[in-house]
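Structure data follow from coords01.cif (mmCIF, C-alpha atoms):
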data_target
#
loop_
_atom_site.label_atom_id
_atom_site.label_comp_id
_atom_site.auth_asym_id
_atom_site.auth_seq_id
_atom_site.Cartn_x
_atom_site.Cartn_y
_atom_site.Cartn_z
CA MET A 1 0.00 0.00 0.00
CA THR A 2 1.42 3.35 -1.05
CA ILE A 3 -0.56 6.56 -1.02
CA GLU A 4 1.34 9.20 -2.96
CA HIS A 5 -1.35 11.86 -2.99
CA THR A 6 -4.14 11.84 -0.46
CA THR A 7 -7.13 14.03 -1.31
CA THR A 8 -8.42 16.63 1.08
CA ASP A 9 -11.78 14.86 1.26
CA ALA A 10 -10.11 11.56 2.17
CA LEU A 11 -8.14 13.24 4.96
CA LEU A 12 -11.25 14.92 6.31
CA ILE A 13 -13.06 11.57 6.42
CA ALA A 14 -10.06 9.90 8.08
CA SER A 15 -9.72 12.71 10.61
CA ALA A 16 -13.42 12.53 11.46
CA PHE A 17 -13.11 8.79 12.03
CA GLN A 18 -10.17 9.30 14.40
CA ALA A 19 -12.17 11.82 16.42
CA HIS A 20 -15.14 9.44 16.50
CA ILE A 21 -13.32 6.25 17.50
CA LEU A 22 -10.81 7.57 20.08
CA PRO A 23 -13.28 7.96 22.99
CA GLY A 24 -14.53 4.43 22.34
CA VAL A 25 -11.11 2.83 22.72
CA SER A 26 -9.61 5.06 25.41
CA ARG A 27 -11.49 7.50 27.62
CA THR A 28 -8.24 8.67 29.19
CA PHE A 29 -6.49 9.54 25.93
CA ALA A 30 -9.72 11.04 24.60
CA LEU A 31 -9.26 13.60 27.40
CA THR A 32 -5.50 14.12 27.18
CA ILE A 33 -4.68 13.99 23.46
CA PRO A 34 -6.92 17.00 22.59
CA GLN A 35 -4.67 19.12 24.83
CA LEU A 36 -1.88 18.73 22.28
CA PRO A 37 -1.54 21.48 19.68
CA GLN A 38 -2.42 20.70 16.10
CA PRO A 39 -1.18 19.04 13.99
CA LEU A 40 0.65 17.16 16.77
CA GLY A 41 -2.61 16.06 18.40
CA GLY A 42 -3.80 14.38 15.23
CA VAL A 43 -0.46 12.62 14.81
CA VAL A 44 -0.44 11.28 18.39
CA SER A 45 -4.08 10.20 18.09
CA ASN A 46 -3.22 8.32 14.91
CA ALA A 47 -0.21 6.67 16.53
CA TYR A 48 -2.32 5.57 19.49
CA LEU A 49 -4.95 4.01 17.21
CA LEU A 50 -2.26 2.11 15.30
CA CYS A 51 -0.87 0.76 18.58
CA ARG A 52 -4.40 -0.19 19.61
CA ILE A 53 -4.84 -2.26 16.44
CA ALA A 54 -1.62 -4.10 17.31
CA ASP A 55 -2.94 -4.62 20.86
CA THR A 56 -6.22 -5.98 19.47
CA ILE A 57 -4.33 -8.65 17.56
CA GLU A 58 -2.28 -9.55 20.62
CA ASP A 59 -5.28 -9.70 22.98
CA GLU A 60 -7.56 -11.79 20.73
CA PRO A 61 -7.82 -15.25 22.34
CA ALA A 62 -9.13 -16.90 19.17
CA LEU A 63 -5.85 -16.25 17.35
CA SER A 64 -3.08 -18.80 17.53
CA SER A 65 0.43 -17.71 18.40
CA ASP A 66 1.46 -18.20 14.77
CA ASP A 67 -1.50 -16.09 13.61
CA LYS A 68 -0.50 -13.29 15.98
CA VAL A 69 3.09 -13.28 14.79
CA ARG A 70 2.07 -13.24 11.14
CA LEU A 71 -0.68 -10.62 11.50
CA THR A 72 1.36 -8.22 13.62
CA GLU A 73 4.27 -8.46 11.15
CA ALA A 74 1.84 -7.79 8.30
CA PHE A 75 0.40 -4.85 10.19
CA ALA A 76 3.84 -3.35 10.86
CA ASP A 77 4.50 -3.60 7.13
CA LEU A 78 1.25 -1.76 6.41
CA VAL A 79 2.30 1.07 8.71
CA GLY A 80 5.52 1.23 6.69
CA GLY A 81 3.51 1.51 3.47
CA ARG A 82 3.83 -2.08 2.27
CA GLY A 83 1.21 -4.78 1.83
CA SER A 84 -2.53 -5.07 1.21
CA VAL A 85 -4.81 -3.35 3.70
CA PRO A 86 -8.03 -5.04 2.45
CA ALA A 87 -6.48 -8.52 2.75
CA PHE A 88 -5.26 -7.77 6.28
CA VAL A 89 -8.63 -6.39 7.39
CA GLU A 90 -10.58 -9.26 5.84
CA GLU A 91 -8.47 -11.93 7.52
CA LEU A 92 -8.32 -10.28 10.93
CA THR A 93 -12.00 -9.33 11.21
CA ALA A 94 -13.00 -12.88 10.22
CA LYS A 95 -11.01 -14.24 13.15
CA LEU A 96 -12.04 -11.77 15.85
CA SER A 97 -14.23 -13.27 18.56
CA SER A 98 -16.76 -11.75 20.93
CA ALA A 99 -13.88 -11.17 23.35
CA THR A 100 -12.85 -8.18 21.21
CA LEU A 101 -14.86 -5.07 22.00
CA PRO A 102 -17.19 -3.73 19.28
CA THR A 103 -15.26 -0.44 19.13
CA GLU A 104 -12.03 -2.37 18.53
CA VAL A 105 -13.70 -4.35 15.74
CA GLU A 106 -14.83 -1.05 14.22
CA LEU A 107 -11.28 0.26 14.47
CA VAL A 108 -9.87 -2.80 12.70
CA ARG A 109 -12.50 -2.58 9.96
CA ASN A 110 -11.39 1.01 9.33
CA THR A 111 -7.65 0.36 9.30
CA GLN A 112 -7.48 1.99 5.86
CA LEU A 113 -8.77 5.30 7.24
CA VAL A 114 -6.19 5.28 10.03
CA LEU A 115 -3.38 4.53 7.58
CA THR A 116 -4.64 7.23 5.24
CA MET A 117 -3.88 9.73 8.00
CA THR A 118 -0.49 8.13 8.68
CA SER A 119 0.52 8.46 5.05
CA SER A 120 -0.14 12.22 5.14
CA PHE A 121 2.38 12.96 7.89
CA GLU A 122 5.87 14.35 7.48
CA PRO A 123 8.61 11.72 6.99
CA ALA A 124 10.06 12.19 10.50
CA ALA A 125 6.68 11.53 12.12
CA ARG A 126 6.00 8.49 9.92
CA ALA A 127 9.42 7.07 10.72
CA ALA A 128 8.89 7.50 14.48
CA ILE A 129 5.47 5.83 14.31
CA GLU A 130 6.67 2.94 12.15
CA ARG A 131 9.63 2.30 14.46
CA CYS A 132 7.33 2.22 17.49
CA VAL A 133 4.78 -0.11 15.92
CA ARG A 134 7.42 -2.51 14.58
CA ILE A 135 9.29 -2.76 17.89
CA MET A 136 6.00 -3.16 19.74
CA CYS A 137 4.81 -5.92 17.42
CA ARG A 138 8.07 -7.84 17.56
CA GLY A 139 8.26 -7.52 21.33
CA MET A 140 4.70 -8.76 21.70
CA HIS A 141 5.67 -11.81 19.61
CA ARG A 142 8.21 -12.72 22.23
CA TYR A 143 5.85 -12.38 25.15
CA SER A 144 2.75 -13.84 23.48
CA MET A 145 4.67 -17.14 23.31
CA GLN A 146 5.17 -17.25 27.08
CA ALA A 147 2.06 -15.42 28.30
CA GLY A 148 0.19 -17.52 30.82
CA PRO A 149 -1.05 -17.61 34.41
CA GLN A 150 2.44 -18.41 35.75
CA GLY A 151 3.60 -14.80 35.31
CA LEU A 152 6.88 -13.46 33.98
CA ARG A 153 10.26 -14.64 35.22
CA ASP A 154 11.19 -11.60 37.33
CA LEU A 155 10.98 -7.83 37.62
CA ASP A 156 13.58 -7.35 34.90
CA ASP A 157 11.47 -9.43 32.53
CA LEU A 158 8.43 -7.35 33.44
CA GLY A 159 10.47 -4.24 32.61
CA ARG A 160 11.35 -5.65 29.19
CA TYR A 161 7.71 -6.46 28.50
CA CYS A 162 6.69 -2.93 29.53
CA TYR A 163 9.35 -1.49 27.23
CA TYR A 164 7.95 -3.30 24.21
CA VAL A 165 4.33 -2.36 24.86
CA ALA A 166 4.78 1.14 26.33
CA GLY A 167 8.36 2.30 26.87
CA VAL A 168 8.86 2.44 23.11
CA VAL A 169 5.75 4.64 22.97
CA GLY A 170 7.55 7.09 25.26
CA GLU A 171 10.43 7.15 22.78
CA MET A 172 7.99 7.78 19.94
CA LEU A 173 6.38 10.66 21.84
CA ARG A 174 9.83 12.17 22.40
CA ASP A 175 10.44 12.08 18.65
CA LEU A 176 7.00 13.48 17.79
CA PHE A 177 7.21 16.26 20.37
CA CYS A 178 10.61 17.27 19.00
CA ALA A 179 9.34 17.14 15.41
CA TYR A 180 6.45 19.53 16.07
CA ALA A 181 7.72 21.74 18.93
CA PRO A 182 11.01 23.56 18.18
CA ASP A 183 11.50 24.88 21.74
CA THR A 184 11.12 21.39 23.17
CA ALA A 185 13.34 19.92 20.46
CA ARG A 186 16.24 21.88 21.94
CA ARG A 187 15.84 19.70 25.06
CA ARG A 188 15.86 16.39 23.25
CA ASP A 189 18.70 14.92 25.33
CA ASP A 190 16.79 15.57 28.57
CA LEU A 191 13.64 14.08 27.09
CA ALA A 192 15.55 11.01 25.91
CA ARG A 193 16.79 10.34 29.42
CA TYR A 194 13.25 9.83 30.75
CA ALA A 195 11.13 8.94 27.70
CA VAL A 196 10.99 5.20 28.37
CA ALA A 197 9.81 5.72 31.95
CA PHE A 198 6.89 7.86 30.82
CA GLY A 199 5.42 4.94 28.91
CA GLN A 200 6.44 2.27 31.41
CA GLY A 201 4.98 4.08 34.41
CA LEU A 202 1.59 4.36 32.74
CA GLN A 203 1.74 0.73 31.60
CA MET A 204 2.67 -0.58 35.05
CA THR A 205 -0.29 1.32 36.49
CA ASN A 206 -2.60 -0.39 34.00
CA ILE A 207 -1.09 -3.81 34.74
CA LEU A 208 -1.73 -3.37 38.45
CA LYS A 209 -5.25 -2.06 37.84
CA ASP A 210 -6.14 -4.89 35.46
CA ILE A 211 -4.39 -7.77 37.26
CA TRP A 212 -7.58 -9.73 37.93
CA GLU A 213 -9.12 -9.20 34.48
CA ASP A 214 -5.86 -10.44 32.96
CA ARG A 215 -5.88 -13.40 35.35
CA ALA A 216 -9.42 -14.29 34.29
CA ARG A 217 -8.26 -14.65 30.67
CA GLY A 218 -5.36 -16.84 31.75
CA VAL A 219 -2.57 -14.25 31.65
CA SER A 220 -0.40 -12.76 34.38
CA TRP A 221 2.37 -10.18 34.07
CA MET A 222 3.41 -10.53 37.71
CA PRO A 223 7.14 -11.21 38.37
CA ALA A 224 7.37 -14.80 39.64
CA ARG A 225 10.75 -14.47 41.41
CA GLU A 226 9.75 -11.42 43.45
CA PHE A 227 6.36 -12.95 44.28
CA ALA A 228 8.06 -16.17 45.37
CA GLN A 229 9.94 -14.15 47.98
CA HIS A 230 6.52 -13.58 49.56
CA GLY A 231 5.56 -17.26 49.20
CA ILE A 232 3.23 -16.51 46.28
CA ASP A 233 2.83 -18.44 43.03
CA PRO A 234 1.35 -16.08 40.38
CA GLY A 235 -0.27 -19.08 38.73
CA ARG A 236 -2.38 -19.65 41.84
CA LEU A 237 -3.50 -16.06 42.42
CA ASP A 238 -7.21 -15.81 43.12
CA PRO A 239 -9.06 -12.49 43.60
CA THR A 240 -11.44 -14.17 46.05
CA ARG A 241 -8.61 -15.45 48.26
CA GLN A 242 -6.05 -12.73 48.84
CA ASP A 243 -3.88 -12.71 51.94
CA PRO A 244 -1.56 -9.96 53.28
CA ALA A 245 1.36 -11.45 51.33
CA VAL A 246 -0.39 -10.62 48.05
CA THR A 247 -0.93 -7.06 49.22
CA ARG A 248 2.75 -6.72 50.16
CA ALA A 249 3.87 -8.06 46.78
CA LEU A 250 1.54 -5.71 44.91
CA HIS A 251 2.73 -2.77 47.01
CA GLU A 252 6.31 -3.50 45.97
CA LEU A 253 5.21 -3.13 42.35
CA VAL A 254 3.37 0.07 43.26
CA ALA A 255 6.66 1.39 44.68
CA VAL A 256 8.49 0.61 41.43
CA THR A 257 5.70 2.25 39.43
CA HIS A 258 5.84 5.29 41.71
CA ALA A 259 9.56 5.62 40.88
CA GLN A 260 8.88 5.32 37.15
CA LEU A 261 6.24 8.03 37.35
CA GLY A 262 8.82 10.20 39.10
CA TYR A 263 10.98 9.84 36.00
CA ALA A 264 7.90 10.56 33.89
CA LEU A 265 7.56 13.84 35.77
CA GLU A 266 11.15 14.70 34.79
CA PHE A 267 10.20 13.93 31.19
CA THR A 268 7.33 16.41 31.51
CA LEU A 269 9.50 19.11 33.09
CA ALA A 270 12.00 18.77 30.23
CA ILE A 271 9.29 19.98 27.84
CA SER A 272 9.51 23.71 27.15
CA ALA A 273 7.25 25.79 29.38
CA ASN A 274 6.03 27.44 26.18
CA ASP A 275 4.56 24.12 25.02
CA THR A 276 1.74 24.11 27.55
CA GLY A 277 -0.47 21.69 25.62
CA ILE A 278 2.24 19.03 25.54
CA ARG A 279 2.90 19.56 29.25
CA LYS A 280 -0.81 19.15 30.01
CA PHE A 281 -0.98 15.92 28.03
CA CYS A 282 1.86 14.45 30.08
CA ALA A 283 0.90 15.89 33.47
CA TRP A 284 -2.73 14.79 33.24
CA ASN A 285 -1.73 11.22 32.40
CA ILE A 286 0.77 11.13 35.28
CA GLY A 287 -1.72 12.61 37.73
CA MET A 288 -4.41 10.07 36.90
CA ALA A 289 -1.88 7.25 37.20
CA LEU A 290 -0.81 8.43 40.66
CA LEU A 291 -4.41 8.61 41.84
CA THR A 292 -5.00 5.09 40.53
CA LEU A 293 -1.99 3.84 42.50
CA ARG A 294 -3.40 5.51 45.61
CA LYS A 295 -6.71 3.70 45.09
CA ILE A 296 -4.85 0.40 44.73
CA VAL A 297 -2.99 0.98 47.99
CA ALA A 298 -6.19 2.10 49.74
CA THR A 299 -8.16 -0.93 48.49
CA PRO A 300 -6.42 -4.12 49.63
CA GLY A 301 -8.16 -7.17 48.24
CA TYR A 302 -9.60 -5.34 45.22
CA ARG A 303 -11.11 -7.80 42.76
CA THR A 304 -11.71 -5.77 39.60
CA ALA A 305 -10.38 -2.70 37.85
CA ASN A 306 -13.64 -0.94 38.71
CA ASP A 307 -12.78 -1.28 42.40
CA VAL A 308 -9.78 1.03 41.90
CA LYS A 309 -11.23 3.29 39.23
CA ILE A 310 -10.74 6.97 40.06
CA SER A 311 -13.79 9.18 40.13
CA ARG A 312 -14.70 11.74 37.50
CA LYS A 313 -14.37 14.40 40.19
CA SER A 314 -10.76 13.32 40.81
CA VAL A 315 -10.05 13.51 37.08
CA MET A 316 -11.50 17.01 36.89
CA TRP A 317 -9.44 18.19 39.87
CA THR A 318 -6.28 16.71 38.35
CA MET A 319 -6.90 18.56 35.11
CA ALA A 320 -7.73 21.85 36.81
CA LEU A 321 -4.85 21.89 39.30
CA THR A 322 -2.18 20.97 36.78
CA SER A 323 -3.48 23.54 34.32
CA ILE A 324 -3.22 26.36 36.87
CA GLY A 325 0.57 26.20 36.99
CA ILE A 326 1.44 24.14 33.94
CA ARG A 327 4.42 26.38 33.11
CA SER A 328 5.90 26.09 36.61
CA ASN A 329 8.23 23.19 37.41
CA THR A 330 7.92 24.02 41.11
CA TRP A 331 4.13 23.76 40.98
CA LEU A 332 4.15 20.48 39.08
CA ARG A 333 6.67 18.97 41.52
CA PHE A 334 4.45 20.08 44.40
CA LEU A 335 1.37 18.50 42.84
CA PHE A 336 3.23 15.27 42.16
CA LYS A 337 4.35 15.08 45.79
CA ARG A 338 0.81 15.68 47.04
CA ALA A 339 -0.74 13.15 44.64
CA ALA A 340 1.89 10.54 45.53
CA SER A 341 1.47 11.06 49.28
CA GLY A 342 1.27 7.72 51.08
CA LEU A 343 2.50 5.62 48.17
CA PRO A 344 5.24 3.09 48.94
CA ARG A 345 8.70 3.97 47.69
CA VAL A 346 11.73 1.98 46.59
CA ALA A 347 14.98 2.53 48.47
CA THR A 348 16.92 2.97 45.22
CA LEU A 349 15.43 4.23 41.99
CA PRO A 350 15.62 1.64 39.19
CA ALA A 351 18.10 2.31 36.39
CA GLN A 352 16.44 4.17 33.55
CA ALA A 353 17.78 3.54 30.09
CA PRO A 354 16.13 2.38 26.87
CA LEU A 355 16.42 -1.34 26.30
CA GLU A 356 17.83 -2.81 23.13
CA ALA A 357 14.96 -3.32 20.73
#
Could you write out this structure as structure tokens?
Amino acid sequence: MTIEHTTTDALLIASAFQAHILPGVSRTFALTIPQLPQPLGGVVSNAYLLCRIADTIEDEPALSSDDKVRLTEAFADLVGGRGSVPAFVEELTAKLSSATLPTEVELVRNTQLVLTMTSSFEPAARAAIERCVRIMCRGMHRYSMQAGPQGLRDLDDLGRYCYYVAGVVGEMLRDLFCAYAPDTARRRDDLARYAVAFGQGLQMTNILKDIWEDRARGVSWMPAREFAQHGIDPGRLDPTRQDPAVTRALHELVAVTHAQLGYALEFTLAISANDTGIRKFCAWNIGMALLTLRKIVATPGYRTANDVKISRKSVMWTMALTSIGIRSNTWLRFLFKRAASGLPRVATLPAQAPLEA
């Protein structure tokens, strides 16, 4: 698939579809992405939807491991402008089960519209998006083979998994921010130092929130070695039978996530104070993640993601308070400290460097 010249009408239709589908696949990003200035907001929205298509392939239980490998490779090629979109869509939609949400099915059916937008971007943006999707897809191959109720080998393995599904997204955002925001581009080295943590901190929050839903579908991302130190076998975790050891093990992961979000704050502060929309996008996501971690700590024995879902009022307060002093590093540090109050901490911050793709 190569689109040399995309008509204005086609781009308008594709843009309208992006605006329509985003709230259906992510309520959080439907709030935060519109804070980004245009055209950056449209680029980030497009990149998120492409990653969501890759996630849909990975999460579909009706697909075999071989199917997932083949389809994600084919999809990465499509993002790079190679292959047949209709053939990909026809095969994937035919194999999606009722486990895939209707909005995700709609997204897959309209892969061509999403890629129409991708093809209209500047070369630097397309290259950053393609790199992210390809690394994500190949990393998911590796972990789809070993995904199961037994969990991952250890915390380092969990970190590698988080890099492939989210840390690389932080690297992509660094590249996109620098491509569209000249003031921030001058701080690229500072952004690069913390980009991976921005994605990983948000991903770890989601893993902790969704632990029991993942367990119900036969998958655990919990680190087996660290859980074994508490006498816990991830393969035997049961939301209806949680003892204090499970809470302690989960709180250790909360502490690691807390540290990663601290790095994510540094990523945000490296963004030029003139780029207030980009700062809001980052700060709002970090704030909501911190409040989710607080709910997890305050709700021992939670059984579902809904049990630790933050309220709409909390979301509104996060948005309002960060917006008041979005240009001020001092203010954002203060808010982070208040939002993280009471969260467990690690004695030593984990090393933060991009992993080899």
Self-check item: Point-to-point distance from atom CA of Ile324 of chain A to atom CA of Arg294 of chain A, Å rounded to tenths
Solution: 22.6 Å
Exercise. Just the residues within 12 Å of Leu113 of chain A, please, counting all atoms listed in the file, with nothing from its chain fewer than 4 positions along; format it as a PyMOL selection string.
Key: chain A and resi 3+6+9-21+46+49-50+79+85-86+89+106-109+117-120
Quick one: everything within 8 Å of Val165 of chain A, counting only C-alpha atoms, minus sequence neighbours fewer than 3 positions away in the same chain. Send it as a PDB file with C-alpha atoms, in the coordinates of the input.
ATOM      1  CA  MET A 136       6.000  -3.160  19.740  1.00  0.00           C
ATOM      2  CA  GLY A 139       8.260  -7.520  21.330  1.00  0.00           C
ATOM      3  CA  MET A 140       4.700  -8.760  21.700  1.00  0.00           C
ATOM      4  CA  TYR A 161       7.710  -6.460  28.500  1.00  0.00           C
ATOM      5  CA  CYS A 162       6.690  -2.930  29.530  1.00  0.00           C
ATOM      6  CA  VAL A 168       8.860   2.440  23.110  1.00  0.00           C
ATOM      7  CA  VAL A 169       5.750   4.640  22.970  1.00  0.00           C
ATOM      8  CA  GLN A 203       1.740   0.730  31.600  1.00  0.00           C
TER       9      GLN A 203
END
Exercise. Find the residues around Asp214 of chain A up to 12 Å (all atoms listed in the file counted), leave out those fewer than 2 positions away in its own chain, and share them as a list in words.
Key: Asp59, Pro61, Ala147, Gly148, Pro149, Gln150, Gly151, Asn206, Ile207, Leu208, Lys209, Asp210, Ile211, Trp212, Ala216, Arg217, Gly218, Val219, Ser220, Trp221, Met222, Pro234, Gly235, Leu237, Asp238, Pro239, Arg303, Thr304 and Ala305 of chain A
Given the selection you just returned, output its residues as a file containing C-alpha atoms, formatted as a tab-separated table (two decimals), in the frame of the given file.
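result.tsv, written as the output of this step:
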chain	number	residue	atom	x	y	z
A	59	ASP	CA	-5.28	-9.70	22.98
A	61	PRO	CA	-7.82	-15.25	22.34
A	147	ALA	CA	2.06	-15.42	28.30
A	148	GLY	CA	0.19	-17.52	30.82
A	149	PRO	CA	-1.05	-17.61	34.41
A	150	GLN	CA	2.44	-18.41	35.75
A	151	GLY	CA	3.60	-14.80	35.31
A	206	ASN	CA	-2.60	-0.39	34.00
A	207	ILE	CA	-1.09	-3.81	34.74
A	208	LEU	CA	-1.73	-3.37	38.45
A	209	LYS	CA	-5.25	-2.06	37.84
A	210	ASP	CA	-6.14	-4.89	35.46
A	211	ILE	CA	-4.39	-7.77	37.26
A	212	TRP	CA	-7.58	-9.73	37.93
A	216	ALA	CA	-9.42	-14.29	34.29
A	217	ARG	CA	-8.26	-14.65	30.67
A	218	GLY	CA	-5.36	-16.84	31.75
A	219	VAL	CA	-2.57	-14.25	31.65
A	220	SER	CA	-0.40	-12.76	34.38
A	221	TRP	CA	2.37	-10.18	34.07
A	222	MET	CA	3.41	-10.53	37.71
A	234	PRO	CA	1.35	-16.08	40.38
A	235	GLY	CA	-0.27	-19.08	38.73
A	237	LEU	CA	-3.50	-16.06	42.42
A	238	ASP	CA	-7.21	-15.81	43.12
A	239	PRO	CA	-9.06	-12.49	43.60
A	303	ARG	CA	-11.11	-7.80	42.76
A	304	THR	CA	-11.71	-5.77	39.60
A	305	ALA	CA	-10.38	-2.70	37.85
Quiz item: A:Val69, A:Ala181, A:Ile286, A:Ala166: which is nearest Gln200 of chain A, counting all atoms listed in the file?
Solution: A:Ala166
Quiz item: Can you list, as an MDAnalysis selection string, every protein, DNA or RNA residue that comes within 6 Å of segment 170-173 of chain A when you count all atoms listed in the file, leaving out same-chain residues fewer than 4 positions away?
Solution: chainID A and resid 128 177 195:196 198:199
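Pairwise distance (atom CA of Gln229 of chain A, atom CA of Asp156 of chain A) equals 15.2 Å.
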Self-check item: Option closest in space to Trp331 of chain A, from A:Pro300, A:Gly231, A:Leu269, A:Ser97 [counting only C-alpha atoms]
Solution: A:Leu269
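Atom CA of Arg174 of chain A is positioned 28.4 Å from atom CA of Thr8 of chain A.
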Practice problem: With the file shown as input, list the residues that the PyMOL selection byres ((chain A and resi 343-345) around 9) selects, as a VMD selection string. | Solution: chain A and resid 251 to 252 254 to 259 290 293 to 294 297 339 to 342 346 to 349
Using the chain letters and numbers from this file, what does the PyMOL selection byres ((chain A and resi 92) around 10) select? Give the answer as a PDB file with C-alpha atoms, in the coordinates of the input.
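Printed below is expr03.pdb as written:
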ATOM      1  CA  THR A  56      -6.220  -5.980  19.470  1.00  0.00           C
ATOM      2  CA  ILE A  57      -4.330  -8.650  17.560  1.00  0.00           C
ATOM      3  CA  GLU A  60      -7.560 -11.790  20.730  1.00  0.00           C
ATOM      4  CA  LEU A  63      -5.850 -16.250  17.350  1.00  0.00           C
ATOM      5  CA  ASP A  67      -1.500 -16.090  13.610  1.00  0.00           C
ATOM      6  CA  LYS A  68      -0.500 -13.290  15.980  1.00  0.00           C
ATOM      7  CA  LEU A  71      -0.680 -10.620  11.500  1.00  0.00           C
ATOM      8  CA  PRO A  86      -8.030  -5.040   2.450  1.00  0.00           C
ATOM      9  CA  ALA A  87      -6.480  -8.520   2.750  1.00  0.00           C
ATOM     10  CA  PHE A  88      -5.260  -7.770   6.280  1.00  0.00           C
ATOM     11  CA  VAL A  89      -8.630  -6.390   7.390  1.00  0.00           C
ATOM     12  CA  GLU A  90     -10.580  -9.260   5.840  1.00  0.00           C
ATOM     13  CA  GLU A  91      -8.470 -11.930   7.520  1.00  0.00           C
ATOM     14  CA  THR A  93     -12.000  -9.330  11.210  1.00  0.00           C
ATOM     15  CA  ALA A  94     -13.000 -12.880  10.220  1.00  0.00           C
ATOM     16  CA  LYS A  95     -11.010 -14.240  13.150  1.00  0.00           C
ATOM     17  CA  LEU A  96     -12.040 -11.770  15.850  1.00  0.00           C
ATOM     18  CA  VAL A 105     -13.700  -4.350  15.740  1.00  0.00           C
ATOM     19  CA  VAL A 108      -9.870  -2.800  12.700  1.00  0.00           C
ATOM     20  CA  ARG A 109     -12.500  -2.580   9.960  1.00  0.00           C
TER      21      ARG A 109
END
Exercise. Apply the PyMOL selection byres ((chain A and resi 272) around 12) to the structure shown and report the selected residues as a PyMOL selection string.
Key: chain A and resi 177-178+181-188+190-191+266-271+273-280+326-329
Would you export the selected residues with C-alpha atoms as a compact mmCIF listing (two decimals), in the frame of the given file, please?
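out_20.txt was written with the following content:
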# COMPACT_ATOMS: atom_id res chain seq x y z
CA PHE A 177 7.21 16.26 20.37
CA CYS A 178 10.61 17.27 19.00
CA ALA A 181 7.72 21.74 18.93
CA PRO A 182 11.01 23.56 18.18
CA ASP A 183 11.50 24.88 21.74
CA THR A 184 11.12 21.39 23.17
CA ALA A 185 13.34 19.92 20.46
CA ARG A 186 16.24 21.88 21.94
CA ARG A 187 15.84 19.70 25.06
CA ARG A 188 15.86 16.39 23.25
CA ASP A 190 16.79 15.57 28.57
CA LEU A 191 13.64 14.08 27.09
CA GLU A 266 11.15 14.70 34.79
CA PHE A 267 10.20 13.93 31.19
CA THR A 268 7.33 16.41 31.51
CA LEU A 269 9.50 19.11 33.09
CA ALA A 270 12.00 18.77 30.23
CA ILE A 271 9.29 19.98 27.84
CA ALA A 273 7.25 25.79 29.38
CA ASN A 274 6.03 27.44 26.18
CA ASP A 275 4.56 24.12 25.02
CA THR A 276 1.74 24.11 27.55
CA GLY A 277 -0.47 21.69 25.62
CA ILE A 278 2.24 19.03 25.54
CA ARG A 279 2.90 19.56 29.25
CA LYS A 280 -0.81 19.15 30.01
CA ILE A 326 1.44 24.14 33.94
CA ARG A 327 4.42 26.38 33.11
CA SER A 328 5.90 26.09 36.61
CA ASN A 329 8.23 23.19 37.41
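Closest approach to Gly301 of chain A among A:Ser26, A:Gln242, A:Thr72, A:Thr111: A:Gln242, based on all atoms listed in the file.
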